[in-house]
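Since the structure comes first, as structure tokens, the remarks are kept for the end.
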2 protein chains.
Amino acid sequence: MASQVLIPSGISGTNQAKWLMTKTKKIPVPTIERLARYSRPLEDLSGSGDVVISSVRLAELCGVTSPQVRKDLAYFGEFGTRGVGYNVEDLLKEIKKILATDQEWTLCIVGIGNLGNALVENENFRKRGYNFLAAFDSDPKKVGHTLSCGLTIEPSRNMAQLIQKLHIEIGIIATPPFDAQKVTNLLTDSGIKAILNFAPIQVRVPEGCLVENVDFTVSLENIVYHLRDISKKGLF
Amino acid sequence: MASQVLIPSGISGTNQAKWLMTKTKKIPVPTIERLARYSRPLEDLSGSGDVVISSVRLAELCGVTSPQVRKDLAYFGEFGTRGVGYNVEDLLKEIKKILATDQEWTLCIVGIGNLGNALVENENFRKRGYNFLAAFDSDPKKVGHTLSCGLTIEPSRNMAQLIQKLHIEIGIIATPPFDAQKVTNLLTDSGIKAILNFAPIQVRVPEGCLVENVDFTVSLENIVYHLRDISKKGLF
DNA sequence: CCCACAATGTGCAAAAATTCACAATTAACC
DNA sequence: GGTTAATTGTGAATTTTTGCACATTGTGGG
Ligand SMILES: NC(=O)c1ccc[n+]([C@@H]2O[C@H](COP(=O)([O-])OP(=O)(O)OC[C@H]3O[C@@H](n4cnc5c(N)ncnc54)[C@H](O)[C@@H]3O)[C@@H](O)[C@H]2O)c1
Ligand SMILES: NC(=O)c1ccc[n+]([C@@H]2O[C@H](COP(=O)([O-])OP(=O)(O)OC[C@H]3O[C@@H](n4cnc5c(N)ncnc54)[C@H](O)[C@@H]3O)[C@@H](O)[C@H]2O)c1
């Protein structure tokens, strides 16, 4: 019933929210997702030698077409030099500015099981400016335990207080699906602005809160659908 | 250079492959992804009471529109009863048949770090018919260790042999990005049919092999782009 | 200075996906 | 048995996204 701001993309893209725009143009939703993907090879290249990159090369590295790359970038400005290409460092900087990954973000995570632990220990997040400031679990046996990243697992009841005190913006859910909605409510009641949910259910949030649902098995099902499709083609 | 079969969807959908069809119609790529998502609430409902479900209700649970649900299903047949709705059990069975999740699939995983361990220990996969038959790691300290799921970690050099002996169809990559391409080559040389890659690079596979790249940080970047977008709207 | 070449940026056309609106069908009730 | 309410299935309209072709601009060499 409660309407919500869904981000229509990613594994779980539940296409509903539409109006996205800068200045004048409407930005296609998949463009944002691709921009994020473009930044990966740029980061790698950023260290090593190459100063410029063409849309053709970048497209190859990301598995898209080159007009797609150019168009995606053109929505936000003119970042290249005709006849030359894009300056790697500059382009990366521009993309980060567009995506708002040129700033630091504050996160917390709820549910420190196998997946939660992998996420919080993964330094790629911190390296990209995503800072975990708190970790919560409901299991009394886990509460109080200190993780190698330095965080101490807090009981869920401290959630509202800590989120407000530490100005935490984004919450990650890695609890079993049964608890995911309850945790979502706790998070939104605490004033969280966005949620990344790994539990395989679609959680509901009050208006104004962003939610992105991630479900690996959807990817697997995608694979097996196409696999079966292919072997059928082989048979007939 | 090597062309490949990309599955254009999921977190990493690199829209390139297009031709999908049953009997007569062309199936939109996002439809497959949504079918997978429809099956989650159906599984839950399947146990508890409810015998039928309307497209409106299912749409609510999945965060899509109801004509979307009906159209998605209509691509594959007529599964509902007008004036009534869809029988939960039947619909779930039909969707599983469509997605090819009504059969068992054989998997292996490469890279038993934090994420790899979480994946292989997660029983949702097995419950859905995805059976991990082998786990590989290059770290000599990990090789030989037996996981709680019963698998013993194998050295990468046994890969080709085991994949062929056990008829493993799908490989999951959970190694650091630097090694992902090398591992991909090993897997495809061993005759694997599809790869689910969690390392944040776009791996290349020879023609005829499916690959789905999953990257969580893309989801996060999606979130922060929209978050910043919203706060900007608040300011002006 | 001019010419050939390379690669971007973009208007327009095509394709893909979604939404709409409603005819068709079923159940339930009186 | 007829009338009402509910809900599916679907062709057509609409919206969104991608692809194409090429004019534009910058580089470098003679
Ligand atoms: N492990 C994977 O590879 C994987 C893959 C895809 C999806 N997921 C999903 O991610 C979630 C977590 O998976 P996992 O393997 O880490 O499970 P897990 O059982 O190892 O961990 C779940 C953790 O959540 C905690 N928890 C339970 N209820 C809670 C609550 N109300 N508040 C706070 N914490 C609570 C538990 O104490 C536990 O530590 C599940 O929903 C799972 O389906 C996991
Ligand atoms: N941990 C997360 O939450 C997370 C999230 C998103 C993406 N990822 C990605 O998933 C991958 C794994 O992440 P992780 O946190 O588990 O890392 P990790 O360092 O904990 O584990 C990597 C494992 O791969 C093994 N390995 C390395 N090279 C190998 C090779 N050539 N063959 C076989 N095994 C090899 C290592 O021995 C190690 O056990 C990384 O690419 C990471 O970026 C992880």
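A note on labels: chains of the structure tokens are A, B, ... as shown, every chain counts residues from 1, and ligands are counted from 1 in their shown order.
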Handout entry: C-alpha RMSD, in-order pairing, chain B superimposed onto chain A
Key =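 Result: 0.1 Å C-alpha RMSD.
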I need the residues in range 76-223 of chain A that are strand (DSSP E or B) according to DSSP; give them as a tab-separated table (two decimals) with C-alpha atoms, in the first residue's frame.
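In the end it all went to out09.tsv:
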chain	number	residue	atom	x	y	z
A	80	GLY	CA	35.93	13.85	-24.85
A	81	THR	CA	38.03	15.43	-27.57
A	85	GLY	CA	39.06	10.21	-27.24
A	86	TYR	CA	38.49	10.62	-23.53
A	87	ASN	CA	41.13	11.43	-20.97
A	105	TRP	CA	28.79	7.77	2.23
A	106	THR	CA	27.90	6.28	5.56
A	107	LEU	CA	26.50	2.78	5.86
A	108	CYS	CA	25.39	0.27	8.40
A	109	ILE	CA	24.72	-3.42	7.95
A	110	VAL	CA	22.15	-5.62	9.64
A	130	TYR	CA	31.41	3.61	1.39
A	131	ASN	CA	32.10	3.59	5.10
A	132	PHE	CA	30.50	1.04	7.38
A	133	LEU	CA	29.96	2.79	10.69
A	134	ALA	CA	27.86	0.16	12.43
A	135	ALA	CA	27.00	-3.54	12.28
A	136	PHE	CA	23.91	-5.02	13.89
A	137	ASP	CA	22.77	-8.53	14.67
A	146	THR	CA	34.56	-7.30	17.17
A	152	THR	CA	31.81	-4.21	17.14
A	153	ILE	CA	28.49	-5.95	16.50
A	154	GLU	CA	25.66	-4.03	18.11
A	155	PRO	CA	22.29	-5.32	19.21
A	170	ILE	CA	22.34	3.79	3.83
A	171	GLY	CA	21.40	0.48	5.42
A	172	ILE	CA	22.33	-2.94	4.08
A	173	ILE	CA	20.14	-5.90	4.96
A	194	ALA	CA	18.18	4.16	1.43
A	195	ILE	CA	18.33	0.40	1.74
A	196	LEU	CA	20.24	-2.25	-0.15
A	197	ASN	CA	18.48	-5.52	0.54
A	210	LEU	CA	15.08	4.35	-1.70
A	211	VAL	CA	15.33	0.61	-1.87
A	212	GLU	CA	17.31	-1.69	-4.12
A	213	ASN	CA	16.69	-5.39	-3.87
Practice task
Please indicate the distance in Å from atom 12 (C, counted along the ligand's line) of ligand 2 to CA of Lys193 in chain B, rounded to one decimal place.
Solution key: 21.3 Å
Practice task
Specify as an NGL selection string all residues of chain A found within 8 Å of chain B, counting only C-alpha atoms.
Solution key: :A and (7 or 9-12 or 14-16 or 32-33 or 36-37 or 40-41 or 61-64 or 98-101 or 114-115 or 117-119 or 125 or 193-194 or 196 or 200-202 or 210-212 or 214 or 217-228)
Exercise for the section: Please identify which residues in range 23-233 of chain B DSSP calls alpha helix (DSSP H) from the backbone, and express them as an NGL selection string. Expected result: :B and (29-47 or 55-62 or 66-74 or 88-99 or 114-121 or 123-127 or 159-165 or 177-189 or 216-233)
Per residue of chain C within 10 Å of chain A, note the shortest atom pair and the distance in Å to one decimal, counting only C-alpha atoms (C1' of nucleotides), and order the rows by chain and increasing residue number, as CSV.
residue,atom,partner,partner_atom,distance
C:DC5,C1',A:Gly83,CA,8.3
C:DA6,C1',A:Gly83,CA,4.6
C:DA7,C1',A:Gly83,CA,4.0
C:DT8,C1',A:Arg82,CA,4.3
C:DG9,C1',A:Ala74,CA,6.9
C:DT10,C1',A:Lys71,CA,8.4
C:DT18,C1',A:Asn15,CA,9.7
Could you list, as an mmCIF file with N, CA and C atoms (P, O5', C5', C4', C3', O3' and C1' of nucleotides), in the first residue's frame, the residues of chain D having an atom within 9 Å of chain A when counting only C-alpha atoms (C1' of nucleotides)?
data_model
loop_
_atom_site.group_PDB
_atom_site.id
_atom_site.type_symbol
_atom_site.label_atom_id
_atom_site.label_comp_id
_atom_site.auth_asym_id
_atom_site.auth_seq_id
_atom_site.Cartn_x
_atom_site.Cartn_y
_atom_site.Cartn_z
ATOM 1 P P DT D 16 8.646 7.539 -20.632
ATOM 2 O "O5'" DT D 16 9.773 6.488 -21.038
ATOM 3 C "C5'" DT D 16 9.589 5.127 -20.688
ATOM 4 C "C4'" DT D 16 10.694 4.336 -21.337
ATOM 5 C "C3'" DT D 16 12.075 4.982 -21.188
ATOM 6 O "O3'" DT D 16 12.854 4.011 -20.552
ATOM 7 C "C1'" DT D 16 11.689 4.295 -23.431
ATOM 8 P P DT D 17 14.386 4.286 -20.146
ATOM 9 O "O5'" DT D 17 15.150 3.650 -21.384
ATOM 10 C "C5'" DT D 17 14.927 2.286 -21.694
ATOM 11 C "C4'" DT D 17 15.643 1.954 -22.979
ATOM 12 C "C3'" DT D 17 17.100 2.423 -23.022
ATOM 13 O "O3'" DT D 17 17.890 1.250 -23.061
ATOM 14 C "C1'" DT D 17 15.956 2.850 -25.077
ATOM 15 P P DT D 18 19.471 1.318 -23.297
ATOM 16 O "O5'" DT D 18 19.558 1.137 -24.884
ATOM 17 C "C5'" DT D 18 18.974 -0.010 -25.466
ATOM 18 C "C4'" DT D 18 19.142 0.040 -26.966
ATOM 19 C "C3'" DT D 18 20.585 0.170 -27.434
ATOM 20 O "O3'" DT D 18 20.804 -0.915 -28.314
ATOM 21 C "C1'" DT D 18 19.195 1.739 -28.551
ATOM 22 P P DG D 19 22.253 -1.121 -28.991
ATOM 23 O "O5'" DG D 19 22.059 -0.466 -30.432
ATOM 24 C "C5'" DG D 19 21.031 -0.958 -31.279
ATOM 25 C "C4'" DG D 19 21.085 -0.221 -32.592
ATOM 26 C "C3'" DG D 19 22.491 -0.105 -33.192
ATOM 27 O "O3'" DG D 19 22.373 -0.518 -34.549
ATOM 28 C "C1'" DG D 19 21.494 2.062 -32.990
ATOM 29 P P DC D 20 23.614 -0.394 -35.534
ATOM 30 O "O5'" DC D 20 23.316 0.948 -36.333
ATOM 31 C "C5'" DC D 20 22.001 1.171 -36.834
ATOM 32 C "C4'" DC D 20 22.012 2.411 -37.696
ATOM 33 C "C3'" DC D 20 23.314 2.615 -38.477
ATOM 34 O "O3'" DC D 20 22.959 3.000 -39.785
ATOM 35 C "C1'" DC D 20 22.876 4.517 -37.134
ATOM 36 P P DT D 24 28.508 20.315 -39.959
ATOM 37 O "O5'" DT D 24 29.410 19.867 -38.749
ATOM 38 C "C5'" DT D 24 28.850 19.754 -37.431
ATOM 39 C "C4'" DT D 24 29.991 19.531 -36.475
ATOM 40 C "C3'" DT D 24 31.141 20.546 -36.610
ATOM 41 O "O3'" DT D 24 31.374 21.112 -35.340
ATOM 42 C "C1'" DT D 24 31.971 18.321 -36.618
ATOM 43 P P DT D 25 32.370 22.345 -35.206
ATOM 44 O "O5'" DT D 25 33.650 21.637 -34.579
ATOM 45 C "C5'" DT D 25 33.504 20.836 -33.409
ATOM 46 C "C4'" DT D 25 34.775 20.040 -33.203
ATOM 47 C "C3'" DT D 25 36.048 20.885 -33.300
ATOM 48 O "O3'" DT D 25 36.844 20.591 -32.177
ATOM 49 C "C1'" DT D 25 36.237 18.955 -34.605
ATOM 50 P P DG D 26 37.887 21.675 -31.622
ATOM 51 O "O5'" DG D 26 39.239 20.841 -31.562
ATOM 52 C "C5'" DG D 26 39.323 19.744 -30.669
ATOM 53 C "C4'" DG D 26 40.279 18.739 -31.241
ATOM 54 C "C3'" DG D 26 41.700 19.277 -31.459
ATOM 55 O "O3'" DG D 26 42.597 18.452 -30.758
ATOM 56 C "C1'" DG D 26 40.928 18.136 -33.375
ATOM 57 P P DT D 27 44.133 18.917 -30.605
ATOM 58 O "O5'" DT D 27 44.935 17.742 -31.304
ATOM 59 C "C5'" DT D 27 44.294 16.491 -31.593
ATOM 60 C "C4'" DT D 27 45.241 15.644 -32.418
ATOM 61 C "C3'" DT D 27 46.678 16.166 -32.516
ATOM 62 O "O3'" DT D 27 47.573 15.077 -32.402
ATOM 63 C "C1'" DT D 27 45.745 16.005 -34.685
#
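When only C-alpha atoms and all ligand atoms are used to compute distances to ligand 2, the closest of the residues B:Ile112, B:Leu151, B:Met159, B:Leu166 turns out to be B:Ile112.
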